[in-house]
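**Student:** Attaching a single structure in structure tokens format; questions to follow.
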Protein chains: 2
Amino acid sequence: MEMVTSADNQQIETAKKLKKMFGHIDYKNPPEMCPVRDVLSLASDKWSILIILYLGFFPVLRFNKLKKYVYGISNKVLSERLKALESDGYLTRRMYAEVPIRVEYRLTNFGKNYVDKLIELTEWMQINSPKVLKNKKKFQVK
Amino acid sequence: MEMVTSADNQQIETAKKLKKMFGHIDYKNPPEMCPVRDVLSLASDKWSILIILYLGFFPVLRFNKLKKYVYGISNKVLSERLKALESDGYLTRRMYAEVPIRVEYRLTNFGKNYVDKLIELTEWMQINSPKVLKNKKKFQVK
DNA sequence: AGCACTGGTTACCATTTCCATACTATGTTA
DNA sequence: TAACATAGTATGGAAATGGTAACCAGTGCT
């Protein structure tokens with residue numbers, strides 16, 4: 001008698017998706033464009049994830065407020081990441097010619113869509129991070 | 001009359017999750033441990049994602065084979081990433097004292113679980129990467 | 001016997017990215 | 001007059017990253 005749990009089912013689904021994604025790949029002839037390498041990796045680094053999540057929660061944020069939430073980021077890197085995320089279509093930059101200048105950042109619809117996906121991953125990690133920390137500790141002892 | 005699409009529904013769901021995740025956060029007193037900063041970011045960089053996805057597709061891989069699939073990675077970084085991913089519990093390292101030495105890497109159940117989540121993100125990006133590329137191009141013209 | 005070869009990893013140095021700090025512009029406030 | 005505010009840029013040093021070469025110890029070739 002076989003037991004098929006929903007976890008098993010998900011792994012079968014995942015296997016299918018992986019097959020679709022990698023099944024045809026010949027490592028001697030890598031494709032010219034790889035979505036994970038060339039696109040996802042530009043928006044899945046630590047800082048970009050945090051920026052996008054905070055903009056998911058607060059619809060509008062200005063530079064310095066964002067910097068406070070994404071604590072630890074430097075001006076340069078924040079500025080750089082914001083430019084990159086804007087040019088990739090995740091967020092918009094709206095500048096008001098006031099004094100002092102005011103610049104507002106907010107997610108595009110595409111960015112909101114990305115948050116939907118990202119949040120699933122971060123939520124999972126929030127639940128599972130204790131396991132990781134426990135494992136890391138166990139590993140250090142060895 | 002209001003129209004509520006499933007996309008709207010998902011964004012409402014996301015908003016709830018974000019609220020749960022960030023609603024209590026006071027940026028003047030950041031928490032000591034942040035799952036995104038301290039755990040996820042160690043397994044969501046470009047190389048780790050690729051390593052984990054390939055190990056999701058090929059149940060067992062040895063160092064050099066992995067290096068061929070994750071083309072472009074240096075020995076040093078691959079070695080380092082594998083160690084980190086092992087210590088965080090995503091994969092196991094099995095060494096055979098043969099000559100030449102043989103080392104096999106495979107995902108743990110936890111790692112397989114992570115792939116399930118990761119694949120949803122990469123799949124989404126695979127579908128949407130053309131939009132990003134298009135946007136990037138449009139942005140350069142400006 | 002000498003020598004190249006193997007696979008996984010480390011050592012070394014050059015390059016790139018990163019962070020902290022100071023600084024810019026302009027007008028308002030004390 | 002000095003301090004403050006905003007949204008950054010400039011700078012110098014620290015840290016991460018990349019490429020290349022070396023290492024081990026046994027095996028097969030000459």
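Ordering of the structure tokens sets the chain letters (A, B, ...); residue numbers start at 1 within each chain; ligands are numbered from 1 in the order shown.
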Need the shell around DA16 (chain D): protein/DNA/RNA residues with any atom at most 9 Å away, counting only C-alpha atoms (C1' of nucleotides). Skip same-chain ones fewer than 4 positions apart. Format as an MDAnalysis selection string?
**Tutor:** chainID C and resid 16:18
**Student:** Deliver the residues from the most recent selection as a file, using N, CA, C and O atoms (P, O5', C5', C4', C3', O3' and C1' of nucleotides), as a PDB file, in the first residue's frame.
**Tutor:**
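File out.pdb, as written:
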```pdb
ATOM      1  P    DT C  16      37.589  45.058 -12.291  1.00  0.00           P
ATOM      2  O5'  DT C  16      36.385  44.910 -11.256  1.00  0.00           O
ATOM      3  C5'  DT C  16      35.730  43.648 -11.120  1.00  0.00           C
ATOM      4  C4'  DT C  16      34.956  43.608  -9.832  1.00  0.00           C
ATOM      5  C3'  DT C  16      33.955  44.762  -9.672  1.00  0.00           C
ATOM      6  O3'  DT C  16      32.650  44.203  -9.747  1.00  0.00           O
ATOM      7  C1'  DT C  16      35.147  44.298  -7.645  1.00  0.00           C
ATOM      8  P    DT C  17      31.332  45.145  -9.681  1.00  0.00           P
ATOM      9  O5'  DT C  17      30.961  45.123  -8.127  1.00  0.00           O
ATOM     10  C5'  DT C  17      30.775  43.868  -7.478  1.00  0.00           C
ATOM     11  C4'  DT C  17      30.742  44.067  -5.979  1.00  0.00           C
ATOM     12  C3'  DT C  17      29.697  45.091  -5.508  1.00  0.00           C
ATOM     13  O3'  DT C  17      28.820  44.427  -4.615  1.00  0.00           O
ATOM     14  C1'  DT C  17      31.783  45.428  -4.426  1.00  0.00           C
ATOM     15  P    DC C  18      27.647  45.170  -3.845  1.00  0.00           P
ATOM     16  O5'  DC C  18      28.335  45.622  -2.466  1.00  0.00           O
ATOM     17  C5'  DC C  18      28.839  44.622  -1.575  1.00  0.00           C
ATOM     18  C4'  DC C  18      29.381  45.284  -0.315  1.00  0.00           C
ATOM     19  C3'  DC C  18      28.468  46.347   0.278  1.00  0.00           C
ATOM     20  O3'  DC C  18      27.953  45.869   1.525  1.00  0.00           O
ATOM     21  C1'  DC C  18      30.721  47.146   0.085  1.00  0.00           C
TER      22       DC C  18
END
```
**Student:** DSSP on the backbone: what in region 2-117 of chain B comes out strand (DSSP E or B), as a PyMOL selection string?
**Tutor:** chain B and resi 61-62+91-96+102-107
**Student:** What's around region 17-21 of chain D at 12 Å? Count only C-alpha atoms (C1' of nucleotides), leave out sequence neighbours fewer than 4 positions away in its own chain, and write the answer as a ChimeraX atom specification.
**Tutor:** /B:47,72-78,80 /C:10-18
**Student:** I need the chosen residues saved as a compact mmCIF listing (two decimals), in the first residue's frame, with N, CA, C and O atoms (P, O5', C5', C4', C3', O3' and C1' of nucleotides).
**Tutor:**
```txt
# COMPACT_ATOMS: atom_id res chain seq x y z
N TRP B 47 24.36 32.31 -6.67
CA TRP B 47 25.01 30.99 -6.75
C TRP B 47 24.26 29.94 -5.95
O TRP B 47 24.06 28.82 -6.42
N GLY B 72 30.49 29.34 -14.56
CA GLY B 72 30.87 30.70 -14.21
C GLY B 72 31.30 30.83 -12.76
O GLY B 72 31.98 31.77 -12.38
N ILE B 73 30.92 29.86 -11.94
CA ILE B 73 31.29 29.93 -10.52
C ILE B 73 32.74 29.50 -10.37
O ILE B 73 33.23 28.65 -11.11
N SER B 74 33.44 30.13 -9.44
CA SER B 74 34.83 29.75 -9.21
C SER B 74 34.89 28.62 -8.19
O SER B 74 33.96 28.42 -7.41
N ASN B 75 35.99 27.89 -8.20
CA ASN B 75 36.16 26.79 -7.24
C ASN B 75 35.97 27.28 -5.82
O ASN B 75 35.30 26.64 -5.02
N LYS B 76 36.58 28.39 -5.58
CA LYS B 76 36.57 28.89 -4.22
C LYS B 76 35.14 29.17 -3.74
O LYS B 76 34.74 28.74 -2.66
N VAL B 77 34.40 29.87 -4.56
CA VAL B 77 33.05 30.25 -4.15
C VAL B 77 32.15 29.02 -4.10
O VAL B 77 31.33 28.89 -3.19
N LEU B 78 32.31 28.10 -5.04
CA LEU B 78 31.49 26.89 -5.00
C LEU B 78 31.74 26.12 -3.72
O LEU B 78 30.81 25.72 -3.01
N GLU B 80 32.91 27.20 -0.94
CA GLU B 80 32.43 27.99 0.17
C GLU B 80 30.90 27.91 0.32
O GLU B 80 30.36 27.71 1.40
P DT C 10 38.94 23.50 1.85
O5' DT C 10 40.35 24.18 1.56
C5' DT C 10 41.56 23.51 1.90
C4' DT C 10 42.75 24.25 1.31
C3' DT C 10 42.89 25.71 1.76
O3' DT C 10 44.21 25.88 2.26
C1' DT C 10 43.06 25.53 -0.60
P DA C 11 44.63 27.25 2.94
O5' DA C 11 45.54 27.92 1.82
C5' DA C 11 46.66 27.20 1.28
C4' DA C 11 47.50 28.12 0.40
C3' DA C 11 47.61 29.56 0.90
O3' DA C 11 48.94 30.03 0.66
C1' DA C 11 46.58 29.54 -1.24
P DC C 12 49.37 31.47 1.15
O5' DC C 12 49.23 32.35 -0.17
C5' DC C 12 50.03 32.05 -1.33
C4' DC C 12 49.55 32.87 -2.51
C3' DC C 12 49.42 34.36 -2.23
O3' DC C 12 50.48 35.06 -2.90
C1' DC C 12 47.57 33.50 -3.50
P DC C 13 50.78 36.58 -2.49
O5' DC C 13 49.97 37.38 -3.60
C5' DC C 13 50.28 37.16 -4.99
C4' DC C 13 49.13 37.65 -5.85
C3' DC C 13 48.82 39.15 -5.71
O3' DC C 13 48.87 39.74 -7.01
C1' DC C 13 46.83 37.87 -5.57
P DA C 14 48.77 41.34 -7.13
O5' DA C 14 47.45 41.50 -8.01
C5' DA C 14 47.34 40.80 -9.24
C4' DA C 14 45.92 40.94 -9.78
C3' DA C 14 45.42 42.38 -9.90
O3' DA C 14 44.72 42.52 -11.14
C1' DA C 14 43.98 41.13 -8.47
P DT C 15 44.15 43.97 -11.57
O5' DT C 15 42.60 43.86 -11.22
C5' DT C 15 41.87 42.73 -11.71
C4' DT C 15 40.50 42.70 -11.07
C3' DT C 15 39.74 44.04 -11.12
O3' DT C 15 38.54 43.81 -11.86
C1' DT C 15 39.59 43.04 -8.98
P DT C 16 37.59 45.06 -12.29
O5' DT C 16 36.39 44.91 -11.26
C5' DT C 16 35.73 43.65 -11.12
C4' DT C 16 34.96 43.61 -9.83
C3' DT C 16 33.96 44.76 -9.67
O3' DT C 16 32.65 44.20 -9.75
C1' DT C 16 35.15 44.30 -7.64
P DT C 17 31.33 45.15 -9.68
O5' DT C 17 30.96 45.12 -8.13
C5' DT C 17 30.77 43.87 -7.48
C4' DT C 17 30.74 44.07 -5.98
C3' DT C 17 29.70 45.09 -5.51
O3' DT C 17 28.82 44.43 -4.61
C1' DT C 17 31.78 45.43 -4.43
P DC C 18 27.65 45.17 -3.85
O5' DC C 18 28.33 45.62 -2.47
C5' DC C 18 28.84 44.62 -1.57
C4' DC C 18 29.38 45.28 -0.31
C3' DC C 18 28.47 46.35 0.28
O3' DC C 18 27.95 45.87 1.52
C1' DC C 18 30.72 47.15 0.09
```
**Student:** A:Pro130, A:Lys67, A:Lys136, A:Val115: which is nearest Tyr27 (chain B), counting only C-alpha atoms?
**Tutor:**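 Looking only at the distances to Tyr27 (chain B), the closest residue turns out to be A:Lys67.
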**Student:** Can you build me a table of chain B residues sitting at most 8 Å from chain C, with the closest atom pair per residue and its distance in Å to one decimal, using only C-alpha atoms (C1' of nucleotides), sorted by chain and residue number, as CSV?
**Tutor:**
```
residue,atom,partner,partner_atom,distance
B:Phe63,CA,C:DG8,C1',7.0
B:Asn64,CA,C:DG7,C1',7.6
B:Ser79,CA,C:DT9,C1',7.5
B:Val99,CA,C:DT6,C1',7.8
B:Pro100,CA,C:DT6,C1',5.5
B:Ile101,CA,C:DG7,C1',5.7
B:Arg102,CA,C:DG7,C1',6.7
B:Val103,CA,C:DG8,C1',7.5
```
**Student:** Write down as a ChimeraX atom specification the residues belonging to chain A that are assigned helix (DSSP H, G or I) by DSSP computed on the backbone.
**Tutor:** /A:6-22,35-38,40-42,46-57,63-69,75-87,109-141
**Student:** Mind listing as a list in words which residues of chain D are within 7 Å of chain A, counting only C-alpha atoms (C1' of nucleotides)?
**Tutor:**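 Therefore, the residues near the partner are DA5, DT6 and DA7 of chain D.
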**Student:** Could you write out as a ChimeraX atom specification the residues of chain B within 7 Å of chain A, counting only C-alpha atoms?
**Tutor:** /B:11,14-15,18-19,27,35-37,39-41,44-46,57,68-69,87-89,116-119,121-122,125-126,129,132,135-136,139
**Student:** For CA of Leu107 (chain B) and CA of Leu61 (chain B), determine how far apart the two atoms are, in Å to one decimal place.
**Tutor:**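 Calculated distance between CA of Leu107 (chain B) and CA of Leu61 (chain B) is 9.8 Å.
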**Student:** Rounded to one decimal place, report the CA of Pro31 (chain A)-CA of Ile51 (chain B) distance in Å.
**Tutor:**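 These two atoms are separated by 16.9 Å.
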**Student:** For Val60 (chain B), work out the shell of residues within 7 Å, counting only C-alpha atoms (C1' of nucleotides) and skipping chain neighbours fewer than 5 positions away, then give it as a tab-separated table (two decimals) with N, CA and C atoms, in the first residue's frame.
**Tutor:**
```
chain	number	residue	atom	x	y	z
B	55	LEU	N	20.64	20.76	-7.79
B	55	LEU	CA	20.55	19.59	-6.92
B	55	LEU	C	19.10	19.13	-6.77
B	104	GLU	N	30.06	13.45	-2.90
B	104	GLU	CA	28.70	13.57	-3.44
B	104	GLU	C	27.87	14.56	-2.64
B	105	TYR	N	27.19	15.40	-3.36
B	105	TYR	CA	26.30	16.35	-2.71
B	105	TYR	C	24.87	16.01	-3.08
B	106	ARG	N	23.99	16.09	-2.10
B	106	ARG	CA	22.56	15.92	-2.38
B	106	ARG	C	21.74	16.74	-1.39
```
